[in-house]
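data-v8.cif, holding mmCIF, C-alpha atoms:
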```cif
data_run
loop_
_atom_site.group_PDB
_atom_site.id
_atom_site.type_symbol
_atom_site.label_atom_id
_atom_site.label_comp_id
_atom_site.auth_asym_id
_atom_site.auth_seq_id
_atom_site.Cartn_x
_atom_site.Cartn_y
_atom_site.Cartn_z
ATOM 1 C CA MET A 683 18.924 -19.300 0.067
ATOM 2 C CA ALA A 684 15.746 -20.470 1.802
ATOM 3 C CA ALA A 685 12.651 -21.007 -0.308
ATOM 4 C CA ILE A 686 10.344 -17.988 -0.478
ATOM 5 C CA THR A 687 6.729 -17.660 -1.595
ATOM 6 C CA GLY A 688 5.822 -14.477 -3.478
ATOM 7 C CA VAL A 689 2.302 -13.129 -2.914
ATOM 8 C CA VAL A 690 0.345 -10.370 -4.698
ATOM 9 C CA ILE A 691 -3.250 -9.204 -4.246
ATOM 10 C CA THR A 692 -4.939 -7.987 -7.418
ATOM 11 C CA LEU A 693 -7.993 -6.333 -8.904
ATOM 12 C CA ASN A 694 -7.774 -5.419 -12.601
ATOM 13 C CA GLU A 695 -3.967 -5.356 -12.648
ATOM 14 C CA ALA A 696 -3.409 -6.704 -16.155
ATOM 15 C CA GLU A 697 -0.966 -3.895 -16.959
ATOM 16 C CA ASN A 698 1.147 -4.591 -13.854
ATOM 17 C CA ILE A 699 0.906 -8.250 -12.933
ATOM 18 C CA GLU A 700 3.504 -9.732 -15.288
ATOM 19 C CA ALA A 701 6.221 -7.237 -14.342
ATOM 20 C CA CYS A 702 5.440 -7.724 -10.664
ATOM 21 C CA LEU A 703 5.577 -11.515 -10.905
ATOM 22 C CA ALA A 704 8.805 -11.337 -12.928
ATOM 23 C CA SER A 705 10.284 -9.244 -10.130
ATOM 24 C CA LEU A 706 9.183 -11.742 -7.465
ATOM 25 C CA LYS A 707 10.416 -14.719 -9.470
ATOM 26 C CA ARG A 708 13.984 -13.453 -9.121
ATOM 27 C CA VAL A 709 13.947 -14.591 -5.467
ATOM 28 C CA CYS A 710 10.798 -16.752 -5.116
ATOM 29 C CA ASP A 711 10.158 -20.310 -6.256
ATOM 30 C CA GLU A 712 6.400 -20.151 -5.597
ATOM 31 C CA LEU A 713 4.013 -17.417 -6.742
ATOM 32 C CA ILE A 714 0.498 -16.839 -5.393
ATOM 33 C CA VAL A 715 -1.976 -14.239 -6.679
ATOM 34 C CA VAL A 716 -5.073 -13.449 -4.606
ATOM 35 C CA ASP A 717 -7.587 -11.919 -6.984
ATOM 36 C CA SER A 718 -10.771 -10.142 -5.886
ATOM 37 C CA GLY A 719 -12.779 -10.355 -9.104
ATOM 38 C CA SER A 720 -10.722 -8.820 -11.904
ATOM 39 C CA ARG A 721 -12.702 -8.087 -15.057
ATOM 40 C CA ASP A 722 -9.622 -7.793 -17.263
ATOM 41 C CA ASP A 723 -7.157 -10.593 -18.044
ATOM 42 C CA THR A 724 -5.169 -10.316 -14.790
ATOM 43 C CA VAL A 725 -5.964 -13.912 -13.839
ATOM 44 C CA ALA A 726 -5.101 -15.349 -17.249
ATOM 45 C CA ARG A 727 -1.780 -13.517 -17.317
ATOM 46 C CA ALA A 728 -0.927 -14.609 -13.775
ATOM 47 C CA GLU A 729 -1.713 -18.260 -14.537
ATOM 48 C CA ALA A 730 0.274 -18.095 -17.766
ATOM 49 C CA PHE A 731 3.217 -16.833 -15.720
ATOM 50 C CA GLY A 732 2.968 -19.891 -13.464
ATOM 51 C CA ALA A 733 1.270 -18.329 -10.460
ATOM 52 C CA SER A 734 -1.406 -20.091 -8.432
ATOM 53 C CA VAL A 735 -4.524 -17.909 -8.313
ATOM 54 C CA ILE A 736 -6.847 -17.770 -5.308
ATOM 55 C CA HIS A 737 -10.227 -16.164 -5.981
ATOM 56 C CA GLN A 738 -11.277 -14.172 -2.932
ATOM 57 C CA PRO A 739 -13.837 -11.329 -2.761
ATOM 58 C CA TYR A 740 -12.128 -8.315 -1.238
ATOM 59 C CA LEU A 741 -11.992 -8.428 2.558
ATOM 60 C CA GLY A 742 -10.126 -5.193 3.187
ATOM 61 C CA ASP A 743 -6.372 -4.603 3.030
ATOM 62 C CA GLY A 744 -5.043 -6.675 5.940
ATOM 63 C CA PRO A 745 -7.418 -9.651 5.753
ATOM 64 C CA GLN A 746 -6.916 -9.869 1.972
ATOM 65 C CA LYS A 747 -3.128 -9.783 2.272
ATOM 66 C CA ASN A 748 -3.223 -12.607 4.837
ATOM 67 C CA VAL A 749 -5.003 -15.009 2.459
ATOM 68 C CA GLY A 750 -1.958 -15.763 0.308
ATOM 69 C CA PRO A 751 0.528 -16.400 3.142
ATOM 70 C CA ARG A 752 -1.860 -18.914 4.718
ATOM 71 C CA ALA A 753 -1.815 -20.904 1.463
ATOM 72 C CA ALA A 754 1.959 -20.634 0.976
ATOM 73 C CA SER A 755 4.162 -23.727 0.920
ATOM 74 C CA HIS A 756 7.083 -21.891 2.529
ATOM 75 C CA ARG A 757 7.525 -20.078 5.846
ATOM 76 C CA TRP A 758 9.070 -16.983 4.325
ATOM 77 C CA VAL A 759 6.727 -14.803 2.283
ATOM 78 C CA LEU A 760 7.568 -11.844 0.075
ATOM 79 C CA SER A 761 4.431 -9.737 -0.352
ATOM 80 C CA LEU A 762 4.401 -7.047 -3.035
ATOM 81 C CA ASP A 763 1.639 -4.824 -4.344
ATOM 82 C CA ALA A 764 1.028 -5.250 -8.055
ATOM 83 C CA ASP A 765 2.634 -1.878 -8.815
ATOM 84 C CA GLU A 766 5.841 -2.648 -6.873
ATOM 85 C CA ARG A 767 9.134 -4.013 -8.229
ATOM 86 C CA LEU A 768 12.345 -5.227 -6.589
ATOM 87 C CA THR A 769 15.520 -3.366 -7.549
ATOM 88 C CA ASP A 770 18.757 -5.237 -8.275
ATOM 89 C CA ASP A 771 20.042 -4.177 -4.842
ATOM 90 C CA ALA A 772 16.907 -5.581 -3.185
ATOM 91 C CA VAL A 773 17.349 -8.906 -4.983
ATOM 92 C CA ALA A 774 20.991 -9.096 -3.876
ATOM 93 C CA ALA A 775 20.119 -8.166 -0.280
ATOM 94 C CA ILE A 776 17.414 -10.847 -0.072
ATOM 95 C CA GLN A 777 19.641 -13.493 -1.657
ATOM 96 C CA ALA A 778 22.311 -12.747 0.952
ATOM 97 C CA LEU A 779 19.988 -13.472 3.902
ATOM 98 C CA ASP A 780 20.260 -16.708 5.869
ATOM 99 C CA LEU A 781 16.535 -17.248 6.314
ATOM 100 C CA ASP A 782 16.974 -20.892 7.288
ATOM 101 C CA ALA A 783 18.985 -19.774 10.307
ATOM 102 C CA GLU A 784 16.264 -17.273 11.201
ATOM 103 C CA SER A 785 13.623 -20.003 10.943
ATOM 104 C CA ASN A 786 15.663 -22.307 13.192
ATOM 105 C CA GLY A 787 15.914 -19.705 15.918
ATOM 106 C CA GLU A 788 19.534 -18.832 15.228
ATOM 107 C CA GLY A 789 18.657 -15.256 14.263
ATOM 108 C CA ASN A 790 16.674 -12.415 15.786
ATOM 109 C CA HIS A 791 14.516 -11.229 12.902
ATOM 110 C CA ASP A 792 11.001 -12.241 11.908
ATOM 111 C CA ALA A 793 10.713 -9.771 9.027
ATOM 112 C CA TYR A 794 12.680 -7.480 6.712
ATOM 113 C CA ALA A 795 11.825 -4.002 5.463
ATOM 114 C CA LEU A 796 12.865 -2.296 2.256
ATOM 115 C CA ARG A 797 12.929 1.383 1.413
ATOM 116 C CA ARG A 798 10.233 2.232 -1.108
ATOM 117 C CA ARG A 799 10.806 4.641 -3.996
ATOM 118 C CA ASN A 800 7.406 6.119 -4.862
ATOM 119 C CA PHE A 801 6.923 7.347 -8.425
ATOM 120 C CA ILE A 802 4.584 9.630 -10.345
ATOM 121 C CA GLY A 803 4.978 8.496 -13.930
ATOM 122 C CA SER A 804 8.705 7.821 -14.199
ATOM 123 C CA ARG A 805 9.641 10.474 -11.616
ATOM 124 C CA TRP A 806 10.955 9.316 -8.243
ATOM 125 C CA ILE A 807 9.502 11.574 -5.515
ATOM 126 C CA ARG A 808 12.220 11.986 -2.876
ATOM 127 C CA HIS A 809 10.474 14.504 -0.623
ATOM 128 C CA CYS A 810 7.044 15.048 0.990
ATOM 129 C CA GLY A 811 7.625 12.044 3.266
ATOM 130 C CA TRP A 812 7.620 9.718 0.261
ATOM 131 C CA TYR A 813 11.227 8.535 0.769
ATOM 132 C CA PRO A 814 12.629 6.670 2.555
ATOM 133 C CA ASP A 815 9.285 4.932 3.004
ATOM 134 C CA TYR A 816 10.268 1.737 4.844
ATOM 135 C CA CYS A 817 7.803 -1.127 4.305
ATOM 136 C CA ILE A 818 8.044 -4.681 5.593
ATOM 137 C CA ARG A 819 7.701 -6.955 2.594
ATOM 138 C CA LEU A 820 9.554 -10.158 3.573
ATOM 139 C CA PHE A 821 8.372 -12.004 6.685
ATOM 140 C CA ASP A 822 8.117 -15.374 8.441
ATOM 141 C CA ARG A 823 4.443 -16.308 8.212
ATOM 142 C CA ASP A 824 4.773 -18.655 11.202
ATOM 143 C CA ARG A 825 5.681 -15.746 13.468
ATOM 144 C CA THR A 826 3.932 -12.704 12.018
ATOM 145 C CA GLY A 827 1.590 -11.386 9.331
ATOM 146 C CA PHE A 828 -0.460 -8.382 8.310
ATOM 147 C CA SER A 829 -2.682 -6.654 10.837
ATOM 148 C CA GLU A 830 -6.405 -7.228 10.435
ATOM 149 C CA SER A 831 -6.904 -3.526 9.675
ATOM 150 C CA ARG A 832 -8.959 -3.153 6.510
ATOM 151 C CA GLN A 833 -7.180 0.072 5.538
ATOM 152 C CA HIS A 834 -3.399 0.624 5.232
ATOM 153 C CA ALA A 835 -2.480 -2.638 6.965
ATOM 154 C CA SER A 836 1.156 -3.449 7.749
ATOM 155 C CA VAL A 837 3.087 -6.516 8.901
ATOM 156 C CA GLN A 838 3.101 -6.673 12.702
ATOM 157 C CA ALA A 839 6.631 -7.937 13.178
ATOM 158 C CA THR A 840 8.263 -8.040 16.609
ATOM 159 C CA HIS A 841 11.885 -7.949 15.467
ATOM 160 C CA PRO A 842 12.093 -6.541 11.926
ATOM 161 C CA ARG A 843 15.340 -5.521 10.249
ATOM 162 C CA ARG A 844 15.761 -2.769 7.690
ATOM 163 C CA LEU A 845 17.674 -3.793 4.581
ATOM 164 C CA ASP A 846 19.936 -1.321 2.815
ATOM 165 C CA ALA A 847 18.018 -1.644 -0.450
ATOM 166 C CA ASP A 848 15.003 -0.227 -2.286
ATOM 167 C CA LEU A 849 11.922 -1.419 -4.061
ATOM 168 C CA GLU A 850 10.126 0.688 -6.642
ATOM 169 C CA HIS A 851 6.477 1.679 -6.307
ATOM 170 C CA TYR A 852 4.767 3.069 -9.387
ATOM 171 C CA SER A 853 2.107 4.810 -7.323
ATOM 172 C CA PHE A 854 0.471 7.052 -9.920
ATOM 173 C CA ALA A 855 0.635 7.042 -13.709
ATOM 174 C CA ASN A 856 0.526 10.842 -13.882
ATOM 175 C CA LEU A 857 -0.523 13.964 -11.968
ATOM 176 C CA GLY A 858 -4.122 13.546 -13.094
ATOM 177 C CA GLU A 859 -4.292 10.162 -11.376
ATOM 178 C CA LEU A 860 -2.654 11.602 -8.248
ATOM 179 C CA PHE A 861 -5.345 14.283 -7.910
ATOM 180 C CA GLY A 862 -8.157 12.045 -9.154
ATOM 181 C CA LYS A 863 -7.571 9.373 -6.506
ATOM 182 C CA ALA A 864 -7.078 11.964 -3.741
ATOM 183 C CA SER A 865 -10.327 13.734 -4.546
ATOM 184 C CA GLY A 866 -12.282 10.588 -5.442
ATOM 185 C CA ARG A 867 -12.226 7.155 -3.844
ATOM 186 C CA PHE A 868 -9.478 7.886 -1.281
ATOM 187 C CA SER A 869 -11.357 10.745 0.388
ATOM 188 C CA ASN A 870 -14.752 9.077 -0.022
ATOM 189 C CA ARG A 871 -13.588 5.847 1.610
ATOM 190 C CA ALA A 872 -11.946 7.728 4.475
ATOM 191 C CA ALA A 873 -15.094 9.772 5.092
ATOM 192 C CA LYS A 874 -17.240 6.622 5.211
ATOM 193 C CA ILE A 875 -14.875 4.940 7.649
ATOM 194 C CA MET A 876 -14.813 7.980 9.934
ATOM 195 C CA TYR A 877 -18.604 8.251 9.862
ATOM 196 C CA LEU A 878 -19.068 4.572 10.742
ATOM 197 C CA LYS A 879 -16.562 4.929 13.594
ATOM 198 C CA GLY A 880 -18.636 7.783 15.035
ATOM 199 C CA LYS A 881 -16.169 10.558 14.248
ATOM 200 C CA ARG A 882 -17.726 13.955 13.582
ATOM 201 C CA ALA A 883 -16.580 17.157 11.885
ATOM 202 C CA ASN A 884 -17.491 20.795 12.290
ATOM 203 C CA ALA A 885 -17.461 23.688 9.831
ATOM 204 C CA PHE A 886 -13.762 24.373 10.478
ATOM 205 C CA SER A 887 -12.559 20.775 10.160
ATOM 206 C CA PRO A 888 -12.099 20.597 6.344
ATOM 207 C CA PHE A 889 -10.069 23.796 6.174
ATOM 208 C CA LEU A 890 -7.927 23.046 9.239
ATOM 209 C CA HIS A 891 -7.085 19.497 8.188
ATOM 210 C CA GLY A 892 -6.466 20.530 4.594
ATOM 211 C CA ALA A 893 -4.135 23.349 5.610
ATOM 212 C CA ASN A 894 -2.314 21.116 8.079
ATOM 213 C CA ALA A 895 -1.750 18.433 5.415
ATOM 214 C CA PHE A 896 -0.296 20.968 2.974
ATOM 215 C CA VAL A 897 2.065 22.533 5.530
ATOM 216 C CA ARG A 898 3.228 19.131 6.762
ATOM 217 C CA LYS A 899 4.022 17.865 3.248
ATOM 218 C CA TYR A 900 5.365 21.082 1.739
ATOM 219 C CA VAL A 901 7.267 22.566 4.677
ATOM 220 C CA PHE A 902 8.104 19.974 7.328
ATOM 221 C CA GLN A 903 8.604 17.107 4.871
ATOM 222 C CA ARG A 904 10.462 19.448 2.483
ATOM 223 C CA GLY A 905 8.168 19.233 -0.495
ATOM 224 C CA PHE A 906 9.455 22.675 -1.500
ATOM 225 C CA LEU A 907 12.657 20.944 -2.645
ATOM 226 C CA GLY A 908 10.711 18.831 -5.120
ATOM 227 C CA GLY A 909 9.653 21.557 -7.538
ATOM 228 C CA LEU A 910 6.295 21.119 -9.260
ATOM 229 C CA ASP A 911 5.955 17.521 -8.073
ATOM 230 C CA GLY A 912 6.522 18.603 -4.475
ATOM 231 C CA VAL A 913 3.788 21.238 -4.754
ATOM 232 C CA SER A 914 1.484 18.731 -6.441
ATOM 233 C CA VAL A 915 1.926 16.060 -3.765
ATOM 234 C CA ALA A 916 1.330 18.626 -1.012
ATOM 235 C CA LEU A 917 -1.756 19.984 -2.781
ATOM 236 C CA SER A 918 -3.169 16.498 -3.381
ATOM 237 C CA ALA A 919 -2.688 15.684 0.318
ATOM 238 C CA ALA A 920 -4.474 18.927 1.217
ATOM 239 C CA ILE A 921 -7.345 18.173 -1.173
ATOM 240 C CA ASN A 922 -7.689 14.652 0.201
ATOM 241 C CA ALA A 923 -7.757 15.891 3.814
ATOM 242 C CA TYR A 924 -10.148 18.746 3.012
ATOM 243 C CA LEU A 925 -12.581 16.545 1.109
ATOM 244 C CA LYS A 926 -12.680 13.645 3.548
ATOM 245 C CA TYR A 927 -13.746 16.018 6.343
ATOM 246 C CA ALA A 928 -16.075 17.947 4.041
ATOM 247 C CA LYS A 929 -17.704 14.678 2.998
ATOM 248 C CA LEU A 930 -17.924 13.550 6.624
ATOM 249 C CA LEU A 931 -19.675 16.814 7.475
ATOM 250 C CA GLU A 932 -21.988 16.316 4.513
ATOM 251 C CA PHE A 933 -22.946 12.848 5.782
ATOM 252 C CA GLN A 934 -23.774 14.425 9.130
ATOM 253 C CA ARG A 935 -25.883 17.275 7.743
ATOM 254 C CA ASP A 936 -27.551 15.959 4.609
ATOM 255 C CA ALA A 937 -29.782 12.898 4.988
ATOM 256 C CA LYS A 938 -30.382 12.724 1.238
ATOM 257 C CA VAL A 939 -26.673 12.408 0.501
ATOM 258 C CA ARG A 940 -26.176 9.989 3.393
ATOM 259 C CA ASP A 941 -29.073 7.739 2.396
ATOM 260 C CA ALA A 942 -27.825 7.581 -1.193
ATOM 261 C CA GLU A 943 -24.436 6.284 -0.058
ATOM 262 C CA ASP A 944 -23.847 2.544 0.324
ATOM 263 C CA PHE A 945 -21.931 2.228 3.596
ATOM 264 C CA ASP A 946 -21.674 -1.532 3.135
ATOM 265 C CA ARG A 947 -19.422 -0.968 0.120
ATOM 266 C CA ILE A 948 -16.286 0.672 1.445
ATOM 267 C CA TRP A 949 -13.609 -1.791 0.515
#
```
Spell out the structure here as structure tokens.
Amino acid sequence: MAAITGVVITLNEAENIEACLASLKRVCDELIVVDSGSRDDTVARAEAFGASVIHQPYLGDGPQKNVGPRAASHRWVLSLDADERLTDDAVAAIQALDLDAESNGEGNHDAYALRRRNFIGSRWIRHCGWYPDYCIRLFDRDRTGFSESRQHASVQATHPRRLDADLEHYSFANLGELFGKASGRFSNRAAKIMYLKGKRANAFSPFLHGANAFVRKYVFQRGFLGGLDGVSVALSAAINAYLKYAKLLEFQRDAKVRDAEDFDRIW
């Protein structure tokens, strides 16, 4: 198997970093952590595990995720979030790849995607568009990399291949965290970005976008099959959509609120 560099970006991930690095080490012989100023012992734990740590103030999702691959010793990079883990099937699928042949031009693929199992607590959410959630995680850094988008960046591969294997994503510790993030920093960040891009809302926008998000998750993406978790995911999506447009409208209408917000601190 070709040598692979494992890369993780972190901020206060002490509870996750060791399990993530252990997962990467199953297929990687080099580990790089790009830390953006953790105040817990993320860095110490990563270094104790044998990872090289790069200290980089946060640049936004895509630019931050491109820092590690540029410092990698190997062409092939496996990039995981700190709360992601490879399954046994994913390890076997990666070990079976002939990445040297791909690097020498004998293959057609510059990246590989895995299905992502998203969890709330220990519960795998199979509906609401949360599965299969294909994400490119393994790629040839000489041919591709993450987009420069500072929000929800993805690898811009030309010829990716989907592997028949999963990785696990421990998205939210519990329902409280699901709703807290949707109503808090997720919606606030989105509202700031929309405002800076010149997007504007009207009095109907929060309700219409909130209702649309709920119907899409609960009906069209079959959240109704997921019981309480399906309802919760649909409701959290609705709350997030409602609040980001309500907050955008508030920025438009209320100078006091707008002036109190630091638009230079989004990321």
Close residues, Thr769 (chain A) itself excluded, 8 Å, all atoms listed in the file, min 5 positions apart in chain, as a list of chain:residue names =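 Listing them by chain and then by number gives A:Ala847, A:Asp848, A:Leu849, A:Glu850.
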Distance of CA of Asp936 (chain A) from CA of Arg882 (chain A), expressed in Å to one decimal place = 13.5 Å
So, counting all atoms listed in the file, which residue among A:Leu741, A:Ala919, A:Leu930, A:Leu781 is closest to Phe861 (chain A)?
-> A:Ala919
Given the file above and the PyMOL selection byres ((chain A and resi 913) around 12), which residues are selected, and can you give them as a PyMOL selection string?
-> chain A and resi 807+809-810+857+861+895-901+903-912+914-920
Shortest interatomic distance to Asn694 (chain A) - which of A:His834, A:Arg721, A:Arg708, A:Lys874, counting all atoms listed in the file =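 Checking each candidate against Asn694 (chain A), we get A:Arg721 as the closest.
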Enumerate, as a list in words, the residues matched when the PyMOL selection byres ((chain A and resi 771) around 10) is run on the file above.
->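 Listing what the PyMOL selection byres ((chain A and resi 771) around 10) selects in the shown file: Leu768, Thr769, Asp770, Ala772, Val773, Ala774, Ala775, Ile776, Gln777, Leu845, Asp846, Ala847, Asp848 and Leu849 of chain A.
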Prev. selection, C-alpha atoms, output as a short mmCIF file (atom, residue, chain, number, x, y, z; two decimals), keeping the file's coordinate frame:
```
data_model
loop_
_atom_site.label_atom_id
_atom_site.label_comp_id
_atom_site.auth_asym_id
_atom_site.auth_seq_id
_atom_site.Cartn_x
_atom_site.Cartn_y
_atom_site.Cartn_z
CA LEU A 768 12.34 -5.23 -6.59
CA THR A 769 15.52 -3.37 -7.55
CA ASP A 770 18.76 -5.24 -8.28
CA ALA A 772 16.91 -5.58 -3.18
CA VAL A 773 17.35 -8.91 -4.98
CA ALA A 774 20.99 -9.10 -3.88
CA ALA A 775 20.12 -8.17 -0.28
CA ILE A 776 17.41 -10.85 -0.07
CA GLN A 777 19.64 -13.49 -1.66
CA LEU A 845 17.67 -3.79 4.58
CA ASP A 846 19.94 -1.32 2.82
CA ALA A 847 18.02 -1.64 -0.45
CA ASP A 848 15.00 -0.23 -2.29
CA LEU A 849 11.92 -1.42 -4.06
#
```
Chain and number of each residue from the PyMOL selection byres ((chain A and resi 784) around 12), as a compact mmCIF listing (two decimals) with C-alpha atoms, in the coordinates of the input:
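Saved result, out-v8.txt, follows:
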```txt
# COMPACT_ATOMS: atom_id res chain seq x y z
CA MET A 683 18.92 -19.30 0.07
CA ALA A 684 15.75 -20.47 1.80
CA ARG A 757 7.52 -20.08 5.85
CA TRP A 758 9.07 -16.98 4.32
CA LEU A 779 19.99 -13.47 3.90
CA ASP A 780 20.26 -16.71 5.87
CA LEU A 781 16.54 -17.25 6.31
CA ASP A 782 16.97 -20.89 7.29
CA ALA A 783 18.98 -19.77 10.31
CA SER A 785 13.62 -20.00 10.94
CA ASN A 786 15.66 -22.31 13.19
CA GLY A 787 15.91 -19.70 15.92
CA GLU A 788 19.53 -18.83 15.23
CA GLY A 789 18.66 -15.26 14.26
CA ASN A 790 16.67 -12.42 15.79
CA HIS A 791 14.52 -11.23 12.90
CA ASP A 792 11.00 -12.24 11.91
CA ALA A 793 10.71 -9.77 9.03
CA TYR A 794 12.68 -7.48 6.71
CA PHE A 821 8.37 -12.00 6.68
CA ASP A 822 8.12 -15.37 8.44
CA ASP A 824 4.77 -18.66 11.20
CA ARG A 825 5.68 -15.75 13.47
CA HIS A 841 11.88 -7.95 15.47
CA PRO A 842 12.09 -6.54 11.93
CA ARG A 843 15.34 -5.52 10.25
```
Spatial neighbours of region 730-739 of chain A, 12 Å, only C-alpha atoms, chain gap at least 5 places, as a ChimeraX atom specification | /A:687-693,699-707,710-720,723-725,745-755,949
How would you write as a compact mmCIF listing (two decimals) with C-alpha atoms, in the coordinates of the input the residues that get within 12 Å of (-5.8, -5.5, 12.9) in the file's frame, counting all atoms listed in the file?
```
# COMPACT_ATOMS: atom_id res chain seq x y z
CA GLY A 742 -10.13 -5.19 3.19
CA ASP A 743 -6.37 -4.60 3.03
CA GLY A 744 -5.04 -6.68 5.94
CA PRO A 745 -7.42 -9.65 5.75
CA GLN A 746 -6.92 -9.87 1.97
CA LYS A 747 -3.13 -9.78 2.27
CA ASN A 748 -3.22 -12.61 4.84
CA GLY A 827 1.59 -11.39 9.33
CA PHE A 828 -0.46 -8.38 8.31
CA SER A 829 -2.68 -6.65 10.84
CA GLU A 830 -6.40 -7.23 10.44
CA SER A 831 -6.90 -3.53 9.68
CA ARG A 832 -8.96 -3.15 6.51
CA GLN A 833 -7.18 0.07 5.54
CA HIS A 834 -3.40 0.62 5.23
CA ALA A 835 -2.48 -2.64 6.96
CA SER A 836 1.16 -3.45 7.75
CA VAL A 837 3.09 -6.52 8.90
CA GLN A 838 3.10 -6.67 12.70
```
How far is it from CA of Arg947 (chain A) to CA of Gly880 (chain A), in Å with one decimal?
-> 17.3 Å
Considering only C-alpha atoms, state which residue in the set A:Val939, A:Ile948, A:Leu760, A:Ile875 is at the smallest distance from Tyr740 (chain A).
->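 For Tyr740 (chain A), the nearest of the candidates is A:Ile948.
The interatomic distance for the pair CA of Asp946 (chain A) and CA of Arg871 (chain A) works out to 11.1 Å.
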For Phe889 (chain A), which residue out of A:Phe854, A:Tyr877, A:Phe868, A:Tyr927 is the nearest one, using only C-alpha atoms?
-> A:Tyr927
For region 870-876 of chain A, supply all heavy atoms and report the output as a short mmCIF file (atom, residue, chain, number, x, y, z; two decimals), keeping the file's coordinate frame.
```
data_model
loop_
_atom_site.label_atom_id
_atom_site.label_comp_id
_atom_site.auth_asym_id
_atom_site.auth_seq_id
_atom_site.Cartn_x
_atom_site.Cartn_y
_atom_site.Cartn_z
N ASN A 870 -13.42 9.61 -0.27
CA ASN A 870 -14.75 9.08 -0.02
C ASN A 870 -14.70 7.89 0.94
O ASN A 870 -15.50 7.78 1.87
CB ASN A 870 -15.40 8.65 -1.34
CG ASN A 870 -16.91 8.60 -1.26
OD1 ASN A 870 -17.54 9.53 -0.77
ND2 ASN A 870 -17.50 7.51 -1.71
N ARG A 871 -13.73 7.01 0.72
CA ARG A 871 -13.59 5.85 1.61
C ARG A 871 -13.25 6.29 3.03
O ARG A 871 -13.83 5.78 4.00
CB ARG A 871 -12.50 4.92 1.08
CG ARG A 871 -12.29 3.67 1.93
CD ARG A 871 -11.31 2.72 1.29
NE ARG A 871 -9.98 3.30 1.18
CZ ARG A 871 -8.94 2.67 0.62
NH1 ARG A 871 -9.11 1.47 0.08
NH2 ARG A 871 -7.76 3.25 0.56
N ALA A 872 -12.33 7.25 3.14
CA ALA A 872 -11.95 7.73 4.47
C ALA A 872 -13.12 8.37 5.20
O ALA A 872 -13.29 8.17 6.41
CB ALA A 872 -10.79 8.72 4.36
N ALA A 873 -13.93 9.12 4.47
CA ALA A 873 -15.09 9.77 5.09
C ALA A 873 -16.09 8.73 5.58
O ALA A 873 -16.66 8.86 6.68
CB ALA A 873 -15.76 10.71 4.10
N LYS A 874 -16.33 7.69 4.79
CA LYS A 874 -17.24 6.62 5.21
C LYS A 874 -16.74 5.93 6.48
O LYS A 874 -17.51 5.67 7.41
CB LYS A 874 -17.38 5.58 4.10
CG LYS A 874 -18.24 6.00 2.92
CD LYS A 874 -18.32 4.82 1.96
CE LYS A 874 -19.23 5.09 0.79
NZ LYS A 874 -19.32 3.93 -0.12
N ILE A 875 -15.45 5.62 6.49
CA ILE A 875 -14.88 4.94 7.65
C ILE A 875 -15.01 5.80 8.90
O ILE A 875 -15.39 5.30 9.98
CB ILE A 875 -13.40 4.59 7.38
CG1 ILE A 875 -13.29 3.52 6.29
CG2 ILE A 875 -12.71 4.10 8.66
CD1 ILE A 875 -11.89 3.30 5.77
N MET A 876 -14.70 7.09 8.77
CA MET A 876 -14.81 7.98 9.93
C MET A 876 -16.25 8.07 10.42
O MET A 876 -16.52 8.05 11.62
CB MET A 876 -14.27 9.37 9.59
CG MET A 876 -12.77 9.42 9.43
SD MET A 876 -12.10 11.11 9.37
CE MET A 876 -12.83 11.73 7.86
#
```
